[in-house]
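K.L.:
Data: entry-v2.csv, CSV, C-alpha atoms.
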chain,number,residue,atom,x,y,z
D,77,MET,CA,41.4,81.2,179.7
D,78,SER,CA,40.9,84.7,178.4
D,79,ASN,CA,43.7,86.5,176.5
D,80,LYS,CA,44.2,88.8,179.4
D,81,ALA,CA,44.6,85.9,181.8
D,82,VAL,CA,47.1,84.2,179.5
D,83,THR,CA,49.1,87.4,179.2
D,84,LYS,CA,49.2,87.9,183.0
D,85,SER,CA,50.2,84.3,183.5
D,86,LEU,CA,52.9,84.4,180.9
D,87,GLU,CA,54.4,87.6,182.4
D,88,VAL,CA,54.6,85.9,185.8
D,89,MET,CA,56.1,82.7,184.4
D,90,PHE,CA,58.8,84.6,182.5
D,91,ARG,CA,59.7,86.3,185.7
D,92,GLN,CA,59.9,83.0,187.6
D,93,VAL,CA,62.0,81.3,184.9
D,94,ASN,CA,64.3,84.3,184.4
D,95,THR,CA,64.8,84.8,188.2
D,96,VAL,CA,66.1,81.2,188.5
D,97,ILE,CA,68.4,81.3,185.4
D,98,TYR,CA,69.7,84.7,186.5
D,99,LYS,CA,70.5,83.7,190.0
D,100,ARG,CA,72.1,80.5,188.9
D,101,GLY,CA,74.4,82.4,186.6
D,102,ARG,CA,74.9,85.1,189.2
D,103,SER,CA,76.1,82.6,191.8
D,104,VAL,CA,79.5,82.2,190.2
D,105,LEU,CA,80.2,85.8,190.8
D,106,THR,CA,79.9,85.7,194.5
D,107,GLY,CA,83.4,84.2,195.0
D,108,MET,CA,84.8,86.8,192.6
D,109,GLN,CA,83.3,89.7,194.5
D,110,VAL,CA,81.8,91.1,191.4
D,111,SER,CA,78.6,93.2,191.9
D,112,THR,CA,75.6,93.2,189.6
D,113,LEU,CA,76.4,96.6,188.3
D,114,GLN,CA,80.0,95.6,187.6
D,115,PHE,CA,78.8,92.6,185.8
D,116,ASN,CA,76.4,94.5,183.7
D,117,ALA,CA,79.2,96.9,182.7
D,118,LEU,CA,81.4,93.9,181.6
D,119,LEU,CA,78.4,92.4,179.7
D,120,THR,CA,77.7,95.8,178.0
D,121,LEU,CA,81.4,96.2,176.9
D,122,ARG,CA,81.4,92.6,175.6
D,123,GLU,CA,78.4,93.3,173.5
D,124,PHE,CA,79.2,96.8,172.2
D,125,GLY,CA,82.9,96.8,172.2
D,126,THR,CA,84.9,99.8,173.5
D,127,LEU,CA,82.6,102.6,174.8
D,128,THR,CA,83.2,106.2,176.0
D,129,MET,CA,82.4,106.9,179.6
D,130,GLY,CA,79.3,108.8,178.5
D,131,GLU,CA,77.9,105.9,176.5
D,132,LEU,CA,78.6,103.4,179.3
D,133,CYS,CA,76.6,105.6,181.8
D,134,LYS,CA,73.7,105.7,179.3
D,135,TYR,CA,73.6,102.0,178.8
D,136,LEU,CA,73.8,101.2,182.5
D,137,PHE,CA,71.2,103.9,183.5
D,138,ILE,CA,73.7,105.4,186.0
D,139,ALA,CA,75.1,108.8,186.9
D,140,CYS,CA,78.6,109.6,185.5
D,141,SER,CA,80.0,109.9,189.1
D,142,THR,CA,78.9,106.3,189.7
D,143,ALA,CA,80.5,105.2,186.4
D,144,THR,CA,83.8,106.7,187.4
D,145,ASP,CA,83.9,104.7,190.7
D,146,LEU,CA,82.7,101.6,188.8
D,147,VAL,CA,85.4,101.8,186.1
D,148,ASP,CA,88.1,102.6,188.8
D,149,ARG,CA,87.3,99.3,190.5
D,150,LEU,CA,87.1,97.3,187.3
D,151,GLU,CA,90.4,98.7,186.2
D,152,LYS,CA,92.1,97.9,189.5
D,153,VAL,CA,91.2,94.2,189.2
D,154,GLY,CA,92.3,94.1,185.5
D,155,PHE,CA,88.8,93.6,184.0
D,156,VAL,CA,88.9,96.8,181.9
D,157,GLU,CA,91.3,99.5,180.8
D,158,ARG,CA,90.8,103.2,180.1
D,159,LEU,CA,92.1,104.5,176.8
D,160,ARG,CA,92.5,108.2,175.9
D,161,ASP,CA,91.3,109.2,172.5
D,162,HIS,CA,94.3,110.2,170.3
D,163,LYS,CA,92.5,113.1,168.6
D,164,ASP,CA,90.6,114.4,171.6
D,165,ARG,CA,92.4,113.7,174.9
D,166,ARG,CA,89.3,114.7,176.9
D,167,VAL,CA,87.5,111.6,175.6
D,168,VAL,CA,88.0,108.5,177.7
D,169,ARG,CA,87.1,105.1,176.3
D,170,VAL,CA,86.6,101.9,178.3
D,171,ASN,CA,87.9,98.6,176.9
D,172,LEU,CA,87.1,95.1,178.1
D,173,LEU,CA,90.2,93.0,178.9
D,174,PRO,CA,90.4,89.2,178.6
D,175,LYS,CA,90.1,88.8,182.4
D,176,GLY,CA,86.8,90.7,182.3
D,177,GLU,CA,85.5,88.7,179.4
D,178,GLU,CA,86.2,85.5,181.3
D,179,VAL,CA,83.9,86.7,184.0
D,180,VAL,CA,81.0,87.1,181.5
D,181,ASN,CA,81.8,83.8,179.9
D,182,SER,CA,81.7,82.0,183.3
D,183,VAL,CA,78.2,83.3,184.0
D,184,ILE,CA,76.9,82.2,180.6
D,185,MET,CA,78.5,78.8,181.1
D,186,GLU,CA,76.8,78.4,184.4
D,187,ARG,CA,73.5,79.3,182.9
D,188,GLN,CA,74.1,76.7,180.2
D,189,VAL,CA,75.0,74.0,182.8
D,190,PHE,CA,71.8,74.7,184.7
D,191,LEU,CA,69.6,74.6,181.6
D,192,GLY,CA,71.3,71.4,180.6
D,193,GLU,CA,70.2,69.9,183.9
D,194,VAL,CA,66.7,71.0,183.4
D,195,LEU,CA,66.6,69.6,179.9
D,196,GLU,CA,67.6,66.2,181.3
D,197,GLU,CA,64.0,66.1,182.6
D,198,TYR,CA,62.7,66.4,179.0
D,199,SER,CA,61.8,63.8,176.5
D,200,ASP,CA,63.0,64.3,172.9
D,201,GLN,CA,59.6,65.5,171.9
D,202,GLU,CA,59.2,67.9,174.8
D,203,ARG,CA,62.7,69.3,174.1
D,204,ALA,CA,61.9,69.9,170.4
D,205,ASP,CA,58.6,71.6,171.4
D,206,LEU,CA,60.3,73.9,173.8
D,207,HIS,CA,62.9,74.9,171.3
D,208,ARG,CA,60.3,75.5,168.5
D,209,VAL,CA,58.0,77.5,170.8
D,210,LEU,CA,60.8,79.7,172.1
D,211,GLU,CA,62.2,80.3,168.6
D,212,LEU,CA,58.8,81.5,167.5
D,213,LEU,CA,58.4,83.7,170.6
D,214,ALA,CA,61.9,85.2,170.2
D,215,ALA,CA,61.1,86.1,166.5
D,216,ARG,CA,57.7,87.6,167.3
D,217,ILE,CA,59.0,89.5,170.3
D,218,GLU,CA,61.7,91.0,168.1
D,219,LYS,CA,59.2,91.9,165.4
D,220,ILE,CA,56.8,93.6,167.8
D,221,ASP,CA,59.7,95.3,169.6
D,222,SER,CA,60.9,96.9,166.3
D,223,THR,CA,57.5,98.2,165.3
D,224,LEU,CA,55.7,99.1,168.5
D,225,PRO,CA,56.6,102.6,169.9
D,226,CYS,CA,58.4,102.5,173.2
D,227,LYS,CA,57.9,104.9,176.2
D,228,ASP,CA,61.6,105.7,175.9
D,229,GLU,CA,62.8,105.3,172.4
D,230,TRP,CA,66.5,105.3,173.4
D,231,ILE,CA,65.9,102.1,175.5
D,232,LYS,CA,64.9,100.3,172.3
D,233,THR,CA,68.6,100.4,171.3
D,234,ILE,CA,69.6,98.2,174.2
D,235,LYS,CA,70.4,94.8,172.9
D,236,ILE,CA,71.8,92.8,175.8
D,237,LYS,CA,71.1,92.0,179.4
D,238,ILE,CA,71.3,88.9,181.6
U,266,MET,CA,70.6,69.2,167.0
U,267,SER,CA,72.7,67.8,169.9
U,268,ASN,CA,71.6,68.4,173.5
U,269,LYS,CA,74.5,70.7,174.0
U,270,ALA,CA,73.5,72.8,170.9
U,271,VAL,CA,69.9,73.0,172.2
U,272,THR,CA,71.0,74.1,175.6
U,273,LYS,CA,73.2,76.8,174.1
U,274,SER,CA,70.5,78.0,171.8
U,275,LEU,CA,67.9,78.1,174.6
U,276,GLU,CA,70.2,80.1,176.8
U,277,VAL,CA,70.7,82.7,174.0
U,278,MET,CA,66.9,82.8,173.3
U,279,PHE,CA,66.0,83.3,177.0
U,280,ARG,CA,68.5,86.2,177.1
U,281,GLN,CA,67.0,87.8,173.9
U,282,VAL,CA,63.4,87.4,175.1
U,283,ASN,CA,64.1,88.7,178.6
U,284,THR,CA,66.1,91.6,177.4
U,285,VAL,CA,63.2,92.9,175.4
U,286,ILE,CA,60.6,92.3,178.1
U,287,TYR,CA,62.9,93.9,180.6
U,288,LYS,CA,63.6,97.0,178.6
U,289,ARG,CA,59.9,97.5,177.7
U,290,GLY,CA,59.0,97.4,181.4
U,291,ARG,CA,62.0,99.5,182.3
U,292,SER,CA,61.0,102.2,179.8
U,293,VAL,CA,58.2,103.5,182.1
U,294,LEU,CA,60.8,104.3,184.7
U,295,THR,CA,62.8,106.8,182.6
U,296,GLY,CA,60.3,109.6,183.1
U,297,MET,CA,60.1,108.8,186.8
U,298,GLN,CA,63.9,109.1,187.2
U,299,VAL,CA,64.1,105.7,189.0
U,300,SER,CA,67.4,103.8,188.6
U,301,THR,CA,67.6,100.1,188.1
U,302,LEU,CA,69.0,99.6,191.6
U,303,GLN,CA,66.2,101.7,193.1
U,304,PHE,CA,63.6,99.7,191.2
U,305,ASN,CA,65.2,96.4,192.3
U,306,ALA,CA,64.9,97.7,195.9
U,307,LEU,CA,61.2,98.4,195.5
U,308,LEU,CA,60.6,95.0,193.9
U,309,THR,CA,62.4,93.3,196.7
U,310,LEU,CA,60.4,95.1,199.4
U,311,ARG,CA,57.2,94.3,197.6
U,312,GLU,CA,58.1,90.6,197.5
U,313,PHE,CA,59.5,90.2,201.0
U,314,GLY,CA,57.7,92.9,203.0
U,315,THR,CA,59.6,95.1,205.5
U,316,LEU,CA,63.3,94.3,205.6
U,317,THR,CA,66.1,95.4,207.8
U,318,MET,CA,68.9,97.4,206.1
U,319,GLY,CA,71.2,94.4,206.4
U,320,GLU,CA,68.7,92.1,204.7
U,321,LEU,CA,68.2,94.7,201.9
U,322,CYS,CA,71.9,94.9,201.2
U,323,LYS,CA,72.1,91.1,201.0
U,324,TYR,CA,69.2,90.8,198.6
U,325,LEU,CA,70.5,93.5,196.3
U,326,PHE,CA,74.2,92.4,196.4
U,327,ILE,CA,75.3,95.8,197.5
U,328,ALA,CA,77.5,97.3,200.2
U,329,CYS,CA,75.7,98.8,203.2
U,330,SER,CA,77.0,102.3,202.4
U,331,THR,CA,75.4,102.1,199.0
U,332,ALA,CA,72.1,100.9,200.6
U,333,THR,CA,72.1,103.9,202.9
U,334,ASP,CA,72.3,106.4,200.0
U,335,LEU,CA,69.7,104.3,198.1
U,336,VAL,CA,67.2,104.3,200.9
U,337,ASP,CA,67.8,108.0,201.6
U,338,ARG,CA,66.8,108.8,198.0
U,339,LEU,CA,63.8,106.5,198.0
U,340,GLU,CA,62.6,108.0,201.3
U,341,LYS,CA,63.0,111.5,200.0
U,342,VAL,CA,60.6,110.8,197.1
U,343,GLY,CA,58.1,109.0,199.3
U,344,PHE,CA,58.6,105.4,197.9
U,345,VAL,CA,59.7,103.9,201.2
U,346,GLU,CA,60.0,104.8,204.9
U,347,ARG,CA,62.5,103.9,207.6
U,348,LEU,CA,61.1,102.4,210.8
U,349,ARG,CA,63.0,102.0,214.0
U,350,ASP,CA,62.6,98.7,215.9
U,351,HIS,CA,60.7,99.2,219.2
U,352,LYS,CA,62.8,96.7,221.1
U,353,ASP,CA,66.2,97.4,219.6
U,354,ARG,CA,66.5,101.0,218.4
U,355,ARG,CA,69.7,100.2,216.5
U,356,VAL,CA,67.8,98.1,214.0
U,357,VAL,CA,66.3,100.1,211.1
U,358,ARG,CA,63.7,98.5,208.9
U,359,VAL,CA,62.7,99.7,205.4
U,360,ASN,CA,59.0,99.6,204.5
U,361,LEU,CA,57.5,100.0,201.0
U,362,LEU,CA,54.9,102.8,200.7
U,363,PRO,CA,51.9,102.9,198.3
U,364,LYS,CA,53.7,105.3,196.0
U,365,GLY,CA,56.6,102.9,195.7
U,366,GLU,CA,54.3,100.0,195.1
U,367,GLU,CA,52.7,101.9,192.2
U,368,VAL,CA,56.1,102.1,190.5
U,369,VAL,CA,56.5,98.3,190.6
U,370,ASN,CA,53.0,97.8,189.4
U,371,SER,CA,53.5,100.2,186.5
U,372,VAL,CA,56.5,98.2,185.2
U,373,ILE,CA,54.6,94.9,185.5
U,374,MET,CA,51.6,96.5,183.7
U,375,GLU,CA,53.9,97.7,180.9
U,376,ARG,CA,55.4,94.2,180.5
U,377,GLN,CA,51.8,92.8,180.3
U,378,VAL,CA,50.8,95.3,177.6
U,379,PHE,CA,53.9,94.4,175.6
U,380,LEU,CA,53.3,90.7,175.9
U,381,GLY,CA,49.6,91.2,175.0
U,382,GLU,CA,50.8,92.9,171.7
U,383,VAL,CA,53.0,89.9,171.0
U,384,LEU,CA,50.2,87.4,171.6
U,385,GLU,CA,48.1,89.2,169.0
U,386,GLU,CA,50.4,87.6,166.5
U,387,TYR,CA,49.4,84.1,167.8
U,388,SER,CA,46.7,81.8,166.7
U,389,ASP,CA,44.7,80.2,169.5
U,390,GLN,CA,46.6,76.9,169.1
U,391,GLU,CA,50.0,78.6,169.2
U,392,ARG,CA,49.0,80.6,172.3
U,393,ALA,CA,47.9,77.4,174.1
U,394,ASP,CA,51.2,75.7,173.1
U,395,LEU,CA,53.2,78.6,174.4
U,396,HIS,CA,51.4,78.6,177.7
U,397,ARG,CA,51.6,74.8,178.1
U,398,VAL,CA,55.4,74.7,177.3
U,399,LEU,CA,56.2,77.6,179.6
U,400,GLU,CA,54.2,76.1,182.4
U,401,LEU,CA,56.1,72.9,182.1
U,402,LEU,CA,59.4,74.7,181.9
U,403,ALA,CA,58.6,76.8,185.0
U,404,ALA,CA,57.7,73.7,187.0
U,405,ARG,CA,60.8,71.8,186.0
U,406,ILE,CA,63.1,74.7,186.5
U,407,GLU,CA,61.7,75.1,190.0
U,408,LYS,CA,62.2,71.4,190.7
U,409,ILE,CA,65.8,71.4,189.5
U,410,ASP,CA,66.6,74.6,191.3
U,411,SER,CA,65.4,73.2,194.6
U,412,THR,CA,67.4,70.0,194.3
U,413,LEU,CA,70.6,71.0,192.4
U,414,PRO,CA,73.4,72.4,194.7
U,415,CYS,CA,74.2,76.1,193.9
U,416,LYS,CA,77.6,77.7,193.9
U,417,ASP,CA,76.2,80.2,196.4
U,418,GLU,CA,73.5,78.6,198.6
U,419,TRP,CA,72.3,81.9,199.9
U,420,ILE,CA,71.4,83.0,196.4
U,421,LYS,CA,68.9,80.1,196.2
U,422,THR,CA,66.7,82.0,198.6
U,423,ILE,CA,66.1,84.8,196.1
U,424,LYS,CA,62.7,84.6,194.7
U,425,ILE,CA,62.1,87.6,192.6
U,426,LYS,CA,63.7,89.7,190.0
U,427,ILE,CA,62.6,91.4,186.8
Please lay out the structure from this file as structure tokens.
P.N.:
Amino acid sequence: MSNKAVTKSLEVMFRQVNTVIYKRGRSVLTGMQVSTLQFNALLTLREFGTLTMGELCKYLFIACSTATDLVDRLEKVGFVERLRDHKDRRVVRVNLLPKGEEVVNSVIMERQVFLGEVLEEYSDQERADLHRVLELLAARIEKIDSTLPCKDEWIKTIKIKI
Amino acid sequence: MSNKAVTKSLEVMFRQVNTVIYKRGRSVLTGMQVSTLQFNALLTLREFGTLTMGELCKYLFIACSTATDLVDRLEKVGFVERLRDHKDRRVVRVNLLPKGEEVVNSVIMERQVFLGEVLEEYSDQERADLHRVLELLAARIEKIDSTLPCKDEWIKTIKIKI
């Protein structure tokens, strides 16, 4: 297999694997009526802590009008709260509340449950191989990501996504 | 390492790896002013072919009012077209146009370029190991996904996501 063919094949396999893990995690949100965008907002706040509205728009690649609606809805169900800056009252910060954090945790738990089922199919040796290979990949991906220029340098700062 | 610890660690590593591959692919869209939701719509249409507006909402987990705005914008820039059903004029279908398909292809290409750079770090043996381990994982994930009940059975039908 040529290097190019391996690259193509890996890209497709990552997509397949991630699609299944993603949708398995996502499935717990259906009953909660949480949209993908709302979920990504909760995940972002969990990772970065309290963010201004402007920062939140940037991280989610959305217009600020969309973010206002989004935060309205998340505030209404008690997942986040808006905080006004003491020094500059024009600045609004969004803070994740425990109920919102529970939503993120439930998705991560469901992903773990699913992966646990998959690992049941593995022998001890295969499981060790999988872990070793992925550990190496994660480290090399991080290395190349930090050195290779990106078409949008701001995007390089994004650290989390499910 | 206990099975539970391996599962937890794998879940985190998949998230790390996917975040980087995702944002690298995503970076080519910044100049094109394509939002994540718009991109997911294009990807869905590429995978499933022409869809009715109702189907598109369902696949994207969005309200139909959001889908109307979305398709309006995609139609305006020539990425998709709306088609009326000949038999039932109330049914509107959305069809991907070549310009929209190019957008999806450019993201996939960028993901391949990035993975190609990562593979440069690999020896032949390591590359073969990575491919073998991921192939096995993709097959087992598909097997478990098709047999294990899902919290939302409809979600199981989703086949593509970047």
K.L.:
Residues of chain U no more than 8 Å from chain D, counting all atoms listed in the file: send them over as a PDB file with C-alpha atoms, in the frame of the given file.
P.N.:
ATOM      1  CA  ASN U 268      71.600  68.400 173.500  1.00  0.00           C
ATOM      2  CA  LYS U 269      74.500  70.700 174.000  1.00  0.00           C
ATOM      3  CA  VAL U 271      69.900  73.000 172.200  1.00  0.00           C
ATOM      4  CA  THR U 272      71.000  74.100 175.600  1.00  0.00           C
ATOM      5  CA  LYS U 273      73.200  76.800 174.100  1.00  0.00           C
ATOM      6  CA  LEU U 275      67.900  78.100 174.600  1.00  0.00           C
ATOM      7  CA  GLU U 276      70.200  80.100 176.800  1.00  0.00           C
ATOM      8  CA  MET U 278      66.900  82.800 173.300  1.00  0.00           C
ATOM      9  CA  PHE U 279      66.000  83.300 177.000  1.00  0.00           C
ATOM     10  CA  ARG U 280      68.500  86.200 177.100  1.00  0.00           C
ATOM     11  CA  GLN U 281      67.000  87.800 173.900  1.00  0.00           C
ATOM     12  CA  VAL U 282      63.400  87.400 175.100  1.00  0.00           C
ATOM     13  CA  ASN U 283      64.100  88.700 178.600  1.00  0.00           C
ATOM     14  CA  THR U 284      66.100  91.600 177.400  1.00  0.00           C
ATOM     15  CA  VAL U 285      63.200  92.900 175.400  1.00  0.00           C
ATOM     16  CA  LYS U 288      63.600  97.000 178.600  1.00  0.00           C
ATOM     17  CA  ARG U 289      59.900  97.500 177.700  1.00  0.00           C
ATOM     18  CA  SER U 292      61.000 102.200 179.800  1.00  0.00           C
ATOM     19  CA  VAL U 293      58.200 103.500 182.100  1.00  0.00           C
ATOM     20  CA  THR U 295      62.800 106.800 182.600  1.00  0.00           C
ATOM     21  CA  SER U 300      67.400 103.800 188.600  1.00  0.00           C
ATOM     22  CA  THR U 301      67.600 100.100 188.100  1.00  0.00           C
ATOM     23  CA  PHE U 326      74.200  92.400 196.400  1.00  0.00           C
ATOM     24  CA  ILE U 327      75.300  95.800 197.500  1.00  0.00           C
ATOM     25  CA  ILE U 373      54.600  94.900 185.500  1.00  0.00           C
ATOM     26  CA  ARG U 376      55.400  94.200 180.500  1.00  0.00           C
ATOM     27  CA  GLN U 377      51.800  92.800 180.300  1.00  0.00           C
ATOM     28  CA  LEU U 380      53.300  90.700 175.900  1.00  0.00           C
ATOM     29  CA  GLY U 381      49.600  91.200 175.000  1.00  0.00           C
ATOM     30  CA  GLU U 382      50.800  92.900 171.700  1.00  0.00           C
ATOM     31  CA  VAL U 383      53.000  89.900 171.000  1.00  0.00           C
ATOM     32  CA  LEU U 384      50.200  87.400 171.600  1.00  0.00           C
ATOM     33  CA  GLU U 386      50.400  87.600 166.500  1.00  0.00           C
ATOM     34  CA  ASP U 394      51.200  75.700 173.100  1.00  0.00           C
ATOM     35  CA  LEU U 395      53.200  78.600 174.400  1.00  0.00           C
ATOM     36  CA  HIS U 396      51.400  78.600 177.700  1.00  0.00           C
ATOM     37  CA  VAL U 398      55.400  74.700 177.300  1.00  0.00           C
ATOM     38  CA  LEU U 399      56.200  77.600 179.600  1.00  0.00           C
ATOM     39  CA  GLU U 400      54.200  76.100 182.400  1.00  0.00           C
ATOM     40  CA  LEU U 402      59.400  74.700 181.900  1.00  0.00           C
ATOM     41  CA  ALA U 403      58.600  76.800 185.000  1.00  0.00           C
ATOM     42  CA  ARG U 405      60.800  71.800 186.000  1.00  0.00           C
ATOM     43  CA  ILE U 406      63.100  74.700 186.500  1.00  0.00           C
ATOM     44  CA  GLU U 407      61.700  75.100 190.000  1.00  0.00           C
ATOM     45  CA  ILE U 409      65.800  71.400 189.500  1.00  0.00           C
ATOM     46  CA  ASP U 410      66.600  74.600 191.300  1.00  0.00           C
ATOM     47  CA  CYS U 415      74.200  76.100 193.900  1.00  0.00           C
ATOM     48  CA  LYS U 416      77.600  77.700 193.900  1.00  0.00           C
ATOM     49  CA  ASP U 417      76.200  80.200 196.400  1.00  0.00           C
ATOM     50  CA  ILE U 420      71.400  83.000 196.400  1.00  0.00           C
ATOM     51  CA  LYS U 421      68.900  80.100 196.200  1.00  0.00           C
ATOM     52  CA  ILE U 423      66.100  84.800 196.100  1.00  0.00           C
ATOM     53  CA  LYS U 424      62.700  84.600 194.700  1.00  0.00           C
ATOM     54  CA  ILE U 425      62.100  87.600 192.600  1.00  0.00           C
ATOM     55  CA  LYS U 426      63.700  89.700 190.000  1.00  0.00           C
ATOM     56  CA  ILE U 427      62.600  91.400 186.800  1.00  0.00           C
TER      57      ILE U 427
END
K.L.:
Can you tell me, as number ranges by chain, which residues sit within 9 Å of (87.1, 97.3, 179.8) in the file's frame, using all atoms listed in the file?
P.N.:
D: 117-118, 121-122, 125-127, 147, 150-151, 154-158, 169-174, 176-177
K.L.:
State, in Å with one decimal place, the distance from CA of Leu335 in chain U to CA of Gln303 in chain U.
P.N.:
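It comes out at 6.6 Å.
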K.L.:
To one decimal place, how far is CA of Phe313 in chain U from CA of Val369 in chain U in Å?
P.N.:
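Distance between the two atoms: 13.5 Å.
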K.L.:
Closest to Leu119 in chain D among D:Thr142, D:Ser199, D:Ser222, D:Ser182, using all atoms listed in the file?
P.N.:
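Using all atoms listed in the file, the shortest distance to Leu119 in chain D belongs to D:Ser182.
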K.L.:
Rounded to one decimal, what separation in Å do you get between CA of Val372 in chain U and CA of Phe304 in chain U?
P.N.:
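Taking CA of Val372 in chain U and CA of Phe304 in chain U, their separation equals 9.4 Å.
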